[in-house]
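Colleague: Structure in structure tokens, see below.
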Amino acid sequence: MDGRGLVRAVKDLGSERGRRAWRSALRNRRVDAAGLAPRGAERARVPGLLTGTEPRPGGGVLRFTRSDLLVRVTVGGAVFWGWDGAAPTPSYAVVGSGPEPDPRAVLEPDTDGGWRVVSERVTVAVSRHGAVEVRTPGGAVLRRDLPPRWWEPVGSAGAAGGPGAPAGPGRPGAPAGSGGGADGTGAAGDPGAAGVTGDAEGTGAAGRVGGARWLLRSEVAADARVFGLGGRPVGPRLRDGSYRLWNTDPRGGFGSGSGEDPLYITMPVQLVVADAGTHLVFHDNSWDGRVVLREGEEGAGSGADRPGSCELRMESGPLRCWVLVGPPGRVLQGWSGLTGGAAVPPEWALGYQHARWGFGSAAEVRRIVAGYAGHGLPLSAVHLDIDHYDGHRVFTVDRERFPDLPGLAKELADGGVRLVSIVDPAVKTGDAVHASGLAVGAHGAFVRDAAGREVRGEVWPGECAYPDFTDPAVRRWWGGLYEERLAQGFAGVWHDMNEPVSFAPFGGRTLPRSARHALDGAGGDHREAHNVYALAMARAGWEGLVRLRPAERPFLFSRSGWAGMQRYGGTWSGDVESSWDGLRASLALVLGLGLCGVPYSGPDIGGFWGSPSPELYLRWLQLGSYLPLFRTHAAIWAGRREPWEFGEETTRAARAVLAERERLRPYFVTLAHLARRTGAPYVRPLWWGAPEDRALRDCEDAFLLGDALLVAPVLECGSDRRAVRLPRGRWYDTVTGRAYEGPGQILLDAPADRIPVLARAGSLLPVRAADGSVALEAWAPARGRTGGGVVIRDPGPGFEPGEVERYVVRWAGDAVVVEDEAGERVEGVVLRGL
């Protein structure tokens with residue numbers, strides 16, 4: 001605790017809630033003291049020398065003096081390897097049983113006593129000491145993992161043969177194809193969680209219990225750039241530094257500073273981009289850990305290169321990982337196939353939404369909605385925060401402030417505005433929800449400590465219990481509670497405080513690390529369950545909403561989560577501060593999360609904490625209008641976020657911003673369906689189509705929206721012009737129509753009422769016409785070139801995938817024409833760039 005934290009902790013003693021938080025923190029510390037054995041003497045271990053091999057489908061098992069390594073190349077090219085019995089499943093991230101082994105990939109001898117597995121897309125080489133290399137088909141090394149090292153408690157079973165994988169009967173499995181249909185089944189119709197049968201996938205070591213800490217050092221190319229690790233405000237490019245893997249509420253607003261780590265969503269997922277190729281690596285382990293990155297350096301002249309390095313330390317759990325190689329689009333498509341396709345939000349959830357902690361009453365909600373209508377500002381949804389609850393208690397309503405919530409919801413829906421409800425996981429002890437949870441199963445629905453006592457924490461309602469979402473029975477009970485939200489007229493939910501949070505003036509603001517969880521039958525403590533708690537809560541909510549309304553896609557997004565969370569919805573930035581640093585962090589978070597497979601996200605426009613200036617608010621609104629989740633939100637003590645509160649000039653500019661978002665909404669619908677089908681995020685870094693372009697790899701202040709648009713937000717105070725780096729090809733300024741040729745850098749005007757947006761030559765995108773129908777807009781390709789685009793129209797509120805329409809844009813003499821897949825000309829297309 002630093003000096004600021006100490007002052008804050010002492011001040012907490014001045015309020016009743018603060019004193020309760022002190023008591024809760026002290027109680028949790030005592031629980032951990034009793035429930036966690038102190039770490040004693042440890043013995044370090046490395047794999048040793050290779051002693052033998054055993055071929056398996058897609059690869060095989062390599063046996064070392066003190067360890068075993070399973071290597072497998074799967075159909076589609078994804079590579080898995082796991083040490084000491086760690087198998088691909090069960091897993092909270094991987095869907096079903098994972099991809100099948102590639103029967104064409106075989107284990108064969110390599111040079112210097114090593115072995116390798118060769119496939120069409122990738123080669124995996126293992127040295128006789130246990131180093132693992134991932135190579136391109138041409139032989140270029142993308143990644144080299146040095147032999148791992150474990151520290152095992154002396155006298156443990158693991159010390160004799162490895163830390164083992166916590167893989168055995170009943171270990172958690174992600175639902176096969178969850179989110180794939182109204183019944184929660186996947187494309188193959190395989191329902192439920194992936195099953196595990198003993199050690200069928202392993203090497204005889206599945207019974208070895210974890211407890212060993214481990215360290216894995218890796219090397220990448222000197223020119224490589226690393227992205228990902230979940231939501232990081234310092235990104236999207238992750239520079240030299242230490243990044244913790246522990247979902248955390250930062251207690252207050254955050255900006256883009258290096259000290260703002262970790263945040264709400266951490267994932268052991270790295271996307272590495274280098275001249276030799278792109279690869280994604282996922283270390284499937286939910287324990288607390290830390291990643292230390294160091295970028296490489298190319299030698300001058302004939303000097304030697306210093307490779308980039310990654311050091312991953314985990315407190316326990318399996319040492320297993322997946323690697324996918326190829327162009328960025330193919331890598332993210334493989335990642336989507338491995339962890340599940342992204343949920344497609346309802347069409348209305350791609351419009352502008354307004355939230356506030358502190359609406360206070362139904363009358364205030366009506367006033368805000370009427371204000372948007374009166375100022376000619378489109379609005380899709382209003383979000384109610386915890387102040388609409390009775391005493392902040394989940395699944396309740398304050399009847400004095402909101403006497404007829406269903407009536408309010410219907411009134412707003414008749415005007416095209418939906419209501420969205422906050423849902424926190426913490427349940428007030430002694431209330432009706434708590435009582436119903438106590439009746440779930442033999443021991444109730446709530447997390448307990450090692451002695452069997454219910455774990456209590458301090459949150460907004462007061463003393464609270466926490467549902468154990470890693471228990472299937474609890475998930476089903478919790479999902480059923482959403483019936484009350486639907487009955488109140490809510491059309492969607494957002495999960496908050498689900499890291500999970502327990503207020504504390506010191507130490508971790510979460511549950512005791514010794515708290516016990518079901519972990520889907522395997523059993524374990526909070527050290528393993530913490531990072532997947534929000535993911536399991538999202539699953540509970542999603543599956544409950546699907547059961548309650550099987551004909552409608554749920555709208556759900558969550559502050560916290562883990563790998564695979566896209567199956568159930570999206571996320572938002574959390575409590576970003578109202579500052580220019582917060583604005584920059586907003587873009588970094590969306591880009592980084594998209595590269596981790598979470599395409600639907602966005603910030604609190606204007607920041608959650610503080611009062612933005614009119615300039616900052618408008619620049620944030622302009623950025624947010626090109627991000628998937630477009631929502632303003634603010635704390636109860638923060639300044640207002642309605643556009644008209646910032647003056648007539650800002651209101652007029654905001655009207656144009658919101659109108660353009662409405663015009664582009666059919667394009668966002670297409671991007672949403674493409675994200676589910678292909679894994680490609682809506683918002684993409686500039687290097688997406690040209691990862692070999694080093695200048696683009698280092699560009700962090702602009703982005704691609706799909707394939708068609710390049711957006712260059714203004715992120716600096718007082719700027720009215722900005723430099724924009726262009727990928728290869730011709731680009732049109734969407735306002736002036738002027739054409740620019742890339743690659744290169746240009747200087748564009750960015751007056752207060754707009755930001756630079758460019759369209760790729762030859763692109764086609766769907767837009768909303770003045771009459772509300774979907775129209776096609778095409779930008780002229782360069783002479784001698786062709787272009788095109790795909791369109792997926794909204795198929796309705798259900799789970800239908802939507803039909804893909806493909807178009808070609810080309811020159812025919814002196815005219816630009818658009819043709820469909822059959823080669824027929826399409827009339828009525830708006831042609832631009834001529």
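Within each chain, counting starts at residue 1; across the structure tokens, chains are named A, B, ... in the order shown, with ligands numbered 1 upward in that order.
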Output as JSON, numbers by chain all residues of stretch 11-114 of chain A that backbone DSSP marks as strand (DSSP E or B).
Modeller: {"A": [42, 43, 44, 45, 50, 51, 52, 53, 54, 55, 56, 59, 60, 61, 62, 63, 64, 68, 69, 70, 71, 72, 73, 74, 79, 80, 81, 82, 83, 95, 101, 106, 107, 108, 109]}
Colleague: Hey, could you make a per-residue contact list for stretch 485-597 of chain A against stretch 363-386 of chain A with 10 Å as the cut-off, showing the nearest pair of atoms and its distance in Å to one decimal, counting only C-alpha atoms, sorted by chain and number, as JSON lines?
Modeller:
{"residue": "A:Phe490", "atom": "CA", "partner": "A:His383", "partner_atom": "CA", "distance": 9.3}
{"residue": "A:Ala491", "atom": "CA", "partner": "A:Ala381", "partner_atom": "CA", "distance": 9.0}
{"residue": "A:Gly492", "atom": "CA", "partner": "A:His383", "partner_atom": "CA", "distance": 8.9}
{"residue": "A:Val493", "atom": "CA", "partner": "A:His383", "partner_atom": "CA", "distance": 8.5}
{"residue": "A:Trp494", "atom": "CA", "partner": "A:His383", "partner_atom": "CA", "distance": 8.6}
{"residue": "A:Asp496", "atom": "CA", "partner": "A:Asp385", "partner_atom": "CA", "distance": 9.5}
Colleague: Write to file, as a PDB file, in the first residue's frame, the residues of the selection just made, with all heavy atoms.
Modeller:
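The resulting selection_28.pdb:
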ATOM      1  N   PHE A 490     -36.920  -5.217 -18.982  1.00  0.00           N
ATOM      2  CA  PHE A 490     -35.554  -4.997 -19.467  1.00  0.00           C
ATOM      3  C   PHE A 490     -35.288  -5.846 -20.706  1.00  0.00           C
ATOM      4  O   PHE A 490     -35.691  -7.001 -20.790  1.00  0.00           O
ATOM      5  CB  PHE A 490     -34.533  -5.333 -18.383  1.00  0.00           C
ATOM      6  CG  PHE A 490     -34.508  -4.337 -17.260  1.00  0.00           C
ATOM      7  CD1 PHE A 490     -35.025  -4.654 -16.007  1.00  0.00           C
ATOM      8  CD2 PHE A 490     -33.985  -3.072 -17.465  1.00  0.00           C
ATOM      9  CE1 PHE A 490     -35.005  -3.740 -14.971  1.00  0.00           C
ATOM     10  CE2 PHE A 490     -33.961  -2.145 -16.429  1.00  0.00           C
ATOM     11  CZ  PHE A 490     -34.474  -2.473 -15.184  1.00  0.00           C
ATOM     12  N   ALA A 491     -34.573  -5.254 -21.664  1.00  0.00           N
ATOM     13  CA  ALA A 491     -34.246  -5.937 -22.910  1.00  0.00           C
ATOM     14  C   ALA A 491     -32.822  -6.468 -22.922  1.00  0.00           C
ATOM     15  O   ALA A 491     -32.430  -7.165 -23.862  1.00  0.00           O
ATOM     16  CB  ALA A 491     -34.439  -4.985 -24.089  1.00  0.00           C
ATOM     17  N   GLY A 492     -32.031  -6.146 -21.911  1.00  0.00           N
ATOM     18  CA  GLY A 492     -30.653  -6.609 -21.848  1.00  0.00           C
ATOM     19  C   GLY A 492     -30.089  -6.386 -20.461  1.00  0.00           C
ATOM     20  O   GLY A 492     -30.727  -5.743 -19.610  1.00  0.00           O
ATOM     21  N   VAL A 493     -28.889  -6.920 -20.218  1.00  0.00           N
ATOM     22  CA  VAL A 493     -28.245  -6.786 -18.909  1.00  0.00           C
ATOM     23  C   VAL A 493     -26.763  -6.500 -19.094  1.00  0.00           C
ATOM     24  O   VAL A 493     -26.156  -6.885 -20.095  1.00  0.00           O
ATOM     25  CB  VAL A 493     -28.415  -8.063 -18.044  1.00  0.00           C
ATOM     26  CG1 VAL A 493     -29.869  -8.304 -17.698  1.00  0.00           C
ATOM     27  CG2 VAL A 493     -27.831  -9.281 -18.736  1.00  0.00           C
ATOM     28  N   TRP A 494     -26.216  -5.808 -18.106  1.00  0.00           N
ATOM     29  CA  TRP A 494     -24.764  -5.639 -18.050  1.00  0.00           C
ATOM     30  C   TRP A 494     -24.292  -6.049 -16.664  1.00  0.00           C
ATOM     31  O   TRP A 494     -24.846  -5.663 -15.649  1.00  0.00           O
ATOM     32  CB  TRP A 494     -24.333  -4.229 -18.435  1.00  0.00           C
ATOM     33  CG  TRP A 494     -25.017  -3.076 -17.771  1.00  0.00           C
ATOM     34  CD1 TRP A 494     -26.338  -2.766 -17.813  1.00  0.00           C
ATOM     35  CD2 TRP A 494     -24.408  -2.041 -16.984  1.00  0.00           C
ATOM     36  NE1 TRP A 494     -26.601  -1.618 -17.106  1.00  0.00           N
ATOM     37  CE2 TRP A 494     -25.444  -1.144 -16.601  1.00  0.00           C
ATOM     38  CE3 TRP A 494     -23.105  -1.768 -16.591  1.00  0.00           C
ATOM     39  CZ2 TRP A 494     -25.200  -0.018 -15.829  1.00  0.00           C
ATOM     40  CZ3 TRP A 494     -22.866  -0.646 -15.826  1.00  0.00           C
ATOM     41  CH2 TRP A 494     -23.900   0.219 -15.450  1.00  0.00           C
ATOM     42  N   ASP A 496     -21.679  -6.172 -13.657  1.00  0.00           N
ATOM     43  CA  ASP A 496     -20.694  -5.273 -13.062  1.00  0.00           C
ATOM     44  C   ASP A 496     -20.149  -5.913 -11.786  1.00  0.00           C
ATOM     45  O   ASP A 496     -20.717  -6.875 -11.252  1.00  0.00           O
ATOM     46  CB  ASP A 496     -21.364  -3.935 -12.745  1.00  0.00           C
ATOM     47  CG  ASP A 496     -20.365  -2.808 -12.523  1.00  0.00           C
ATOM     48  OD1 ASP A 496     -19.163  -3.022 -12.772  1.00  0.00           O
ATOM     49  OD2 ASP A 496     -20.780  -1.720 -12.092  1.00  0.00           O
TER      50      ASP A 496
END
Colleague: Skip A:Gly52 itself and residues of its chain fewer than 3 positions away, then list as an MDAnalysis selection string all residues within 12 Å of it, counting only C-alpha atoms.
Modeller: chainID A and resid 48:49 55 60:69 107 109 113:115 128
Colleague: Could those selected residues go to a file with N, CA, C and O atoms, as a PDB file, in the first residue's frame?
Modeller:
ATOM      1  N   GLY A  48      14.904 -32.225 -18.010  1.00  0.00           N
ATOM      2  CA  GLY A  48      15.986 -33.186 -18.174  1.00  0.00           C
ATOM      3  C   GLY A  48      16.173 -33.549 -19.634  1.00  0.00           C
ATOM      4  O   GLY A  48      15.706 -32.854 -20.544  1.00  0.00           O
ATOM      5  N   LEU A  49      16.852 -34.660 -19.891  1.00  0.00           N
ATOM      6  CA  LEU A  49      17.141 -35.081 -21.254  1.00  0.00           C
ATOM      7  C   LEU A  49      16.033 -35.964 -21.813  1.00  0.00           C
ATOM      8  O   LEU A  49      15.365 -36.692 -21.073  1.00  0.00           O
ATOM      9  N   PRO A  55       4.456 -42.076 -30.507  1.00  0.00           N
ATOM     10  CA  PRO A  55       3.603 -41.416 -31.503  1.00  0.00           C
ATOM     11  C   PRO A  55       2.135 -41.430 -31.077  1.00  0.00           C
ATOM     12  O   PRO A  55       1.648 -42.390 -30.485  1.00  0.00           O
ATOM     13  N   GLY A  60       2.617 -36.621 -30.783  1.00  0.00           N
ATOM     14  CA  GLY A  60       3.015 -37.684 -29.884  1.00  0.00           C
ATOM     15  C   GLY A  60       3.464 -37.164 -28.537  1.00  0.00           C
ATOM     16  O   GLY A  60       3.369 -35.968 -28.248  1.00  0.00           O
ATOM     17  N   VAL A  61       3.943 -38.085 -27.719  1.00  0.00           N
ATOM     18  CA  VAL A  61       4.434 -37.774 -26.383  1.00  0.00           C
ATOM     19  C   VAL A  61       5.943 -37.938 -26.378  1.00  0.00           C
ATOM     20  O   VAL A  61       6.469 -38.948 -26.851  1.00  0.00           O
ATOM     21  N   LEU A  62       6.625 -36.928 -25.862  1.00  0.00           N
ATOM     22  CA  LEU A  62       8.084 -36.984 -25.705  1.00  0.00           C
ATOM     23  C   LEU A  62       8.387 -37.107 -24.221  1.00  0.00           C
ATOM     24  O   LEU A  62       7.923 -36.303 -23.417  1.00  0.00           O
ATOM     25  N   ARG A  63       9.146 -38.138 -23.873  1.00  0.00           N
ATOM     26  CA  ARG A  63       9.437 -38.425 -22.472  1.00  0.00           C
ATOM     27  C   ARG A  63      10.854 -37.970 -22.139  1.00  0.00           C
ATOM     28  O   ARG A  63      11.821 -38.360 -22.791  1.00  0.00           O
ATOM     29  N   PHE A  64      10.922 -37.139 -21.093  1.00  0.00           N
ATOM     30  CA  PHE A  64      12.199 -36.650 -20.605  1.00  0.00           C
ATOM     31  C   PHE A  64      12.496 -37.301 -19.260  1.00  0.00           C
ATOM     32  O   PHE A  64      11.650 -38.002 -18.693  1.00  0.00           O
ATOM     33  N   THR A  65      13.660 -37.054 -18.741  1.00  0.00           N
ATOM     34  CA  THR A  65      14.067 -37.695 -17.493  1.00  0.00           C
ATOM     35  C   THR A  65      13.084 -37.407 -16.370  1.00  0.00           C
ATOM     36  O   THR A  65      12.741 -38.296 -15.584  1.00  0.00           O
ATOM     37  N   ARG A  66      12.577 -36.176 -16.294  1.00  0.00           N
ATOM     38  CA  ARG A  66      11.707 -35.783 -15.190  1.00  0.00           C
ATOM     39  C   ARG A  66      10.373 -35.199 -15.639  1.00  0.00           C
ATOM     40  O   ARG A  66       9.652 -34.645 -14.823  1.00  0.00           O
ATOM     41  N   SER A  67      10.037 -35.312 -16.908  1.00  0.00           N
ATOM     42  CA  SER A  67       8.800 -34.730 -17.408  1.00  0.00           C
ATOM     43  C   SER A  67       8.364 -35.444 -18.681  1.00  0.00           C
ATOM     44  O   SER A  67       9.161 -36.127 -19.334  1.00  0.00           O
ATOM     45  N   ASP A  68       7.103 -35.253 -19.024  1.00  0.00           N
ATOM     46  CA  ASP A  68       6.557 -35.715 -20.296  1.00  0.00           C
ATOM     47  C   ASP A  68       5.942 -34.517 -21.008  1.00  0.00           C
ATOM     48  O   ASP A  68       5.403 -33.604 -20.370  1.00  0.00           O
ATOM     49  N   LEU A  69       5.988 -34.532 -22.327  1.00  0.00           N
ATOM     50  CA  LEU A  69       5.433 -33.450 -23.135  1.00  0.00           C
ATOM     51  C   LEU A  69       4.559 -34.040 -24.227  1.00  0.00           C
ATOM     52  O   LEU A  69       5.019 -34.862 -25.024  1.00  0.00           O
ATOM     53  N   LEU A 107       5.022 -37.457 -35.806  1.00  0.00           N
ATOM     54  CA  LEU A 107       6.242 -37.193 -35.049  1.00  0.00           C
ATOM     55  C   LEU A 107       7.418 -37.870 -35.746  1.00  0.00           C
ATOM     56  O   LEU A 107       7.362 -39.066 -36.062  1.00  0.00           O
ATOM     57  N   PRO A 109      12.038 -37.749 -36.338  1.00  0.00           N
ATOM     58  CA  PRO A 109      13.305 -37.252 -35.792  1.00  0.00           C
ATOM     59  C   PRO A 109      13.716 -35.935 -36.435  1.00  0.00           C
ATOM     60  O   PRO A 109      13.461 -35.680 -37.607  1.00  0.00           O
ATOM     61  N   GLY A 113      19.342 -34.723 -32.076  1.00  0.00           N
ATOM     62  CA  GLY A 113      18.651 -35.554 -31.103  1.00  0.00           C
ATOM     63  C   GLY A 113      17.256 -35.098 -30.751  1.00  0.00           C
ATOM     64  O   GLY A 113      16.623 -35.665 -29.856  1.00  0.00           O
ATOM     65  N   GLY A 114      16.748 -34.082 -31.430  1.00  0.00           N
ATOM     66  CA  GLY A 114      15.392 -33.624 -31.177  1.00  0.00           C
ATOM     67  C   GLY A 114      14.379 -34.296 -32.082  1.00  0.00           C
ATOM     68  O   GLY A 114      14.710 -35.154 -32.911  1.00  0.00           O
ATOM     69  N   TRP A 115      13.122 -33.908 -31.927  1.00  0.00           N
ATOM     70  CA  TRP A 115      12.033 -34.443 -32.739  1.00  0.00           C
ATOM     71  C   TRP A 115      11.177 -33.289 -33.208  1.00  0.00           C
ATOM     72  O   TRP A 115      11.218 -32.181 -32.657  1.00  0.00           O
ATOM     73  N   ARG A 128      16.261 -31.944 -27.471  1.00  0.00           N
ATOM     74  CA  ARG A 128      16.464 -33.031 -26.511  1.00  0.00           C
ATOM     75  C   ARG A 128      16.478 -32.526 -25.072  1.00  0.00           C
ATOM     76  O   ARG A 128      16.428 -33.319 -24.136  1.00  0.00           O
TER      77      ARG A 128
END
Colleague: At a cut-off of 10 Å, using only C-alpha atoms, what residues contact A:Trp620? Leave out same-chain residues fewer than 4 positions from it and give the result as a list in words.
Modeller: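 The filter keeps Ser578, Ser579, Trp580, Gly582, Leu583, Arg584, Ser586, Leu587, Pro603, Asp604, Ile605, Gly606, Gly607, Pro612, Pro614, Glu615, Leu616, Gly624, Ser625, Thr632, Pro713, Val714 and Leu715 of chain A.
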Colleague: Quote the spacing between atom CA of A:Gly462 and atom CA of A:Arg19 in Å to one decimal place.
Modeller: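 Spanning atom CA of A:Gly462 to atom CA of A:Arg19 is a straight-line distance of 11.1 Å.
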Colleague: Write out as a PDB file with N, CA and C atoms, in the first residue's frame each polymer residue whose atoms come within 8 Å of A:Leu511, counting only C-alpha atoms; drop sequence neighbours fewer than 6 positions from it.
Modeller:
ATOM      1  N   ASN A  28     -11.415 -11.639   6.049  1.00  0.00           N
ATOM      2  CA  ASN A  28     -10.868 -12.401   4.925  1.00  0.00           C
ATOM      3  C   ASN A  28      -9.404 -12.752   5.141  1.00  0.00           C
ATOM      4  N   VAL A 455     -18.653 -17.434   2.676  1.00  0.00           N
ATOM      5  CA  VAL A 455     -17.761 -16.280   2.561  1.00  0.00           C
ATOM      6  C   VAL A 455     -18.607 -15.023   2.400  1.00  0.00           C
ATOM      7  N   GLY A 457     -18.628 -10.695   1.960  1.00  0.00           N
ATOM      8  CA  GLY A 457     -17.869  -9.529   1.542  1.00  0.00           C
ATOM      9  C   GLY A 457     -18.715  -8.285   1.684  1.00  0.00           C
ATOM     10  N   PRO A 500     -14.454 -11.087  -8.804  1.00  0.00           N
ATOM     11  CA  PRO A 500     -15.487 -10.290  -8.137  1.00  0.00           C
ATOM     12  C   PRO A 500     -14.871  -9.302  -7.144  1.00  0.00           C
ATOM     13  N   VAL A 501     -15.684  -8.298  -6.743  1.00  0.00           N
ATOM     14  CA  VAL A 501     -15.212  -7.238  -5.859  1.00  0.00           C
ATOM     15  C   VAL A 501     -15.807  -7.406  -4.469  1.00  0.00           C
ATOM     16  N   SER A 502     -14.956  -7.265  -3.471  1.00  0.00           N
ATOM     17  CA  SER A 502     -15.372  -7.063  -2.088  1.00  0.00           C
ATOM     18  C   SER A 502     -14.582  -5.867  -1.576  1.00  0.00           C
ATOM     19  N   HIS A 526     -10.047 -20.077  -4.682  1.00  0.00           N
ATOM     20  CA  HIS A 526     -10.252 -18.854  -5.447  1.00  0.00           C
ATOM     21  C   HIS A 526      -9.029 -18.471  -6.270  1.00  0.00           C
TER      22      HIS A 526
END
Colleague: Any chance you could list, as JSON, numbers by chain, the residues in stretch 624-745 of chain A that come up alpha helix (DSSP H) when DSSP is run on the backbone?
Modeller: {"A": [624, 648, 649, 650, 651, 652, 653, 654, 655, 656, 657, 658, 659, 660, 661, 662, 663, 664, 665, 666, 667, 668, 669, 670, 671, 672, 673, 674, 675, 676, 677, 678, 694, 695, 696, 697]}
Colleague: Using the selection just defined, write its residues with C-alpha atoms as an mmCIF file, in the first residue's frame.
Modeller:
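Wrote it out as selection_19.cif, contents follow:
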data_model
loop_
_atom_site.group_PDB
_atom_site.id
_atom_site.type_symbol
_atom_site.label_atom_id
_atom_site.label_comp_id
_atom_site.auth_asym_id
_atom_site.auth_seq_id
_atom_site.Cartn_x
_atom_site.Cartn_y
_atom_site.Cartn_z
ATOM 1 C CA GLY A 624 -17.132 6.088 -29.723
ATOM 2 C CA GLU A 648 -25.582 24.362 -28.551
ATOM 3 C CA GLU A 649 -22.394 24.026 -30.592
ATOM 4 C CA THR A 650 -21.588 20.648 -29.040
ATOM 5 C CA THR A 651 -25.208 19.537 -29.425
ATOM 6 C CA ARG A 652 -25.164 20.400 -33.116
ATOM 7 C CA ALA A 653 -21.926 18.462 -33.632
ATOM 8 C CA ALA A 654 -23.237 15.537 -31.569
ATOM 9 C CA ARG A 655 -26.352 15.422 -33.747
ATOM 10 C CA ALA A 656 -24.158 14.884 -36.811
ATOM 11 C CA VAL A 657 -22.089 12.243 -35.009
ATOM 12 C CA LEU A 658 -25.142 10.240 -33.948
ATOM 13 C CA ALA A 659 -26.732 10.590 -37.388
ATOM 14 C CA GLU A 660 -23.622 9.130 -39.015
ATOM 15 C CA ARG A 661 -23.666 6.208 -36.569
ATOM 16 C CA GLU A 662 -27.286 5.542 -37.514
ATOM 17 C CA ARG A 663 -26.349 5.705 -41.192
ATOM 18 C CA LEU A 664 -23.581 3.142 -40.632
ATOM 19 C CA ARG A 665 -25.617 0.836 -38.415
ATOM 20 C CA PRO A 666 -26.219 -1.727 -41.222
ATOM 21 C CA TYR A 667 -22.431 -1.856 -41.653
ATOM 22 C CA PHE A 668 -22.069 -2.622 -37.936
ATOM 23 C CA VAL A 669 -24.663 -5.396 -38.337
ATOM 24 C CA THR A 670 -22.532 -6.906 -41.109
ATOM 25 C CA LEU A 671 -19.395 -6.626 -38.964
ATOM 26 C CA ALA A 672 -21.167 -8.290 -36.036
ATOM 27 C CA HIS A 673 -22.118 -11.313 -38.115
ATOM 28 C CA LEU A 674 -18.678 -11.466 -39.698
ATOM 29 C CA ALA A 675 -17.100 -11.415 -36.234
ATOM 30 C CA ARG A 676 -19.087 -14.505 -35.313
ATOM 31 C CA ARG A 677 -18.328 -16.281 -38.581
ATOM 32 C CA THR A 678 -14.656 -15.361 -38.965
ATOM 33 C CA ARG A 694 6.588 -2.098 -39.659
ATOM 34 C CA ALA A 695 5.355 1.489 -39.687
ATOM 35 C CA LEU A 696 1.762 0.268 -39.391
ATOM 36 C CA ARG A 697 2.681 -2.113 -36.569
#
Colleague: Separation of atom CA of A:Asp249 and atom CA of A:Tyr264, in Å?
Modeller: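 Between atom CA of A:Asp249 and atom CA of A:Tyr264 the gap works out to 5.7 Å.
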Colleague: Pick out the residues sitting within 6 Å of A:Ala86, and hand them over as a list of chain:residue names; count only C-alpha atoms, and ignore anything fewer than 2 positions along from it in its own chain.
Modeller: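 Close residues of A:Ala86: A:Gly82, A:Trp83, A:Asp84, A:Ala165, A:Pro318.
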Colleague: What does the structure give for the distance between atom CA of A:Thr786 and atom CA of A:Val767, in Å to one decimal?
Modeller: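 For atom CA of A:Thr786 relative to atom CA of A:Val767, the distance reads 20.7 Å.
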Colleague: Using only C-alpha atoms, find the one residue out of A:Pro681, A:Asn531, A:Ala712, A:Pro99 that sits nearest to A:Gly329.
Modeller: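 Under the stated criterion, the closest residue is A:Pro681.
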Colleague: So that I can see what lies close to A:Pro472, please list as a list in words the residues with an atom at most 10 Å from it, counting only C-alpha atoms and leaving out residues fewer than 2 positions away in the same chain.
Modeller: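 Surrounding residues, per the criterion: Pro172, Ala193, Asp468, Phe469, Thr470, Val474, Arg475, Arg476, Trp477, Trp478, Ala518, Leu519, Asp520, Gly521, Ala536 and Ala540 of chain A.
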Colleague: For the residues selected in the previous step, produce a file with N, CA and C atoms as a compact mmCIF listing (two decimals), in the first residue's frame.
Modeller:
# COMPACT_ATOMS: atom_id res chain seq x y z
N PRO A 172 -13.43 -28.49 -15.38
CA PRO A 172 -14.38 -27.64 -16.08
C PRO A 172 -14.23 -27.71 -17.59
N ALA A 193 -21.34 -29.52 -21.30
CA ALA A 193 -19.91 -29.31 -21.09
C ALA A 193 -19.13 -30.48 -21.64
N ASP A 468 -21.42 -19.21 -6.41
CA ASP A 468 -20.30 -19.94 -7.02
C ASP A 468 -20.71 -20.34 -8.43
N PHE A 469 -20.39 -19.50 -9.40
CA PHE A 469 -20.82 -19.74 -10.77
C PHE A 469 -20.07 -20.89 -11.43
N THR A 470 -19.05 -21.43 -10.77
CA THR A 470 -18.38 -22.61 -11.32
C THR A 470 -19.12 -23.89 -10.98
N VAL A 474 -25.68 -23.94 -9.61
CA VAL A 474 -25.77 -22.52 -9.27
C VAL A 474 -26.00 -21.68 -10.52
N ARG A 475 -25.31 -22.04 -11.59
CA ARG A 475 -25.52 -21.30 -12.83
C ARG A 475 -26.97 -21.41 -13.28
N ARG A 476 -27.57 -22.58 -13.16
CA ARG A 476 -28.96 -22.73 -13.59
C ARG A 476 -29.89 -21.93 -12.67
N TRP A 477 -29.64 -21.96 -11.38
CA TRP A 477 -30.45 -21.17 -10.45
C TRP A 477 -30.33 -19.68 -10.77
N TRP A 478 -29.11 -19.21 -10.96
CA TRP A 478 -28.89 -17.79 -11.23
C TRP A 478 -29.53 -17.38 -12.55
N ALA A 518 -16.56 -24.92 -6.68
CA ALA A 518 -16.85 -26.25 -7.23
C ALA A 518 -15.99 -26.56 -8.43
N LEU A 519 -15.67 -25.55 -9.24
CA LEU A 519 -14.89 -25.73 -10.46
C LEU A 519 -15.43 -26.90 -11.28
N ASP A 520 -16.75 -26.91 -11.44
CA ASP A 520 -17.45 -27.90 -12.25
C ASP A 520 -17.09 -29.33 -11.88
N GLY A 521 -17.07 -29.56 -10.58
CA GLY A 521 -16.87 -30.91 -10.07
C GLY A 521 -15.47 -31.22 -9.63
N ALA A 536 -17.88 -17.43 -15.93
CA ALA A 536 -18.92 -18.37 -15.53
C ALA A 536 -20.23 -17.64 -15.22
N ALA A 540 -23.84 -18.20 -17.04
CA ALA A 540 -25.10 -18.41 -16.30
C ALA A 540 -26.18 -17.46 -16.82
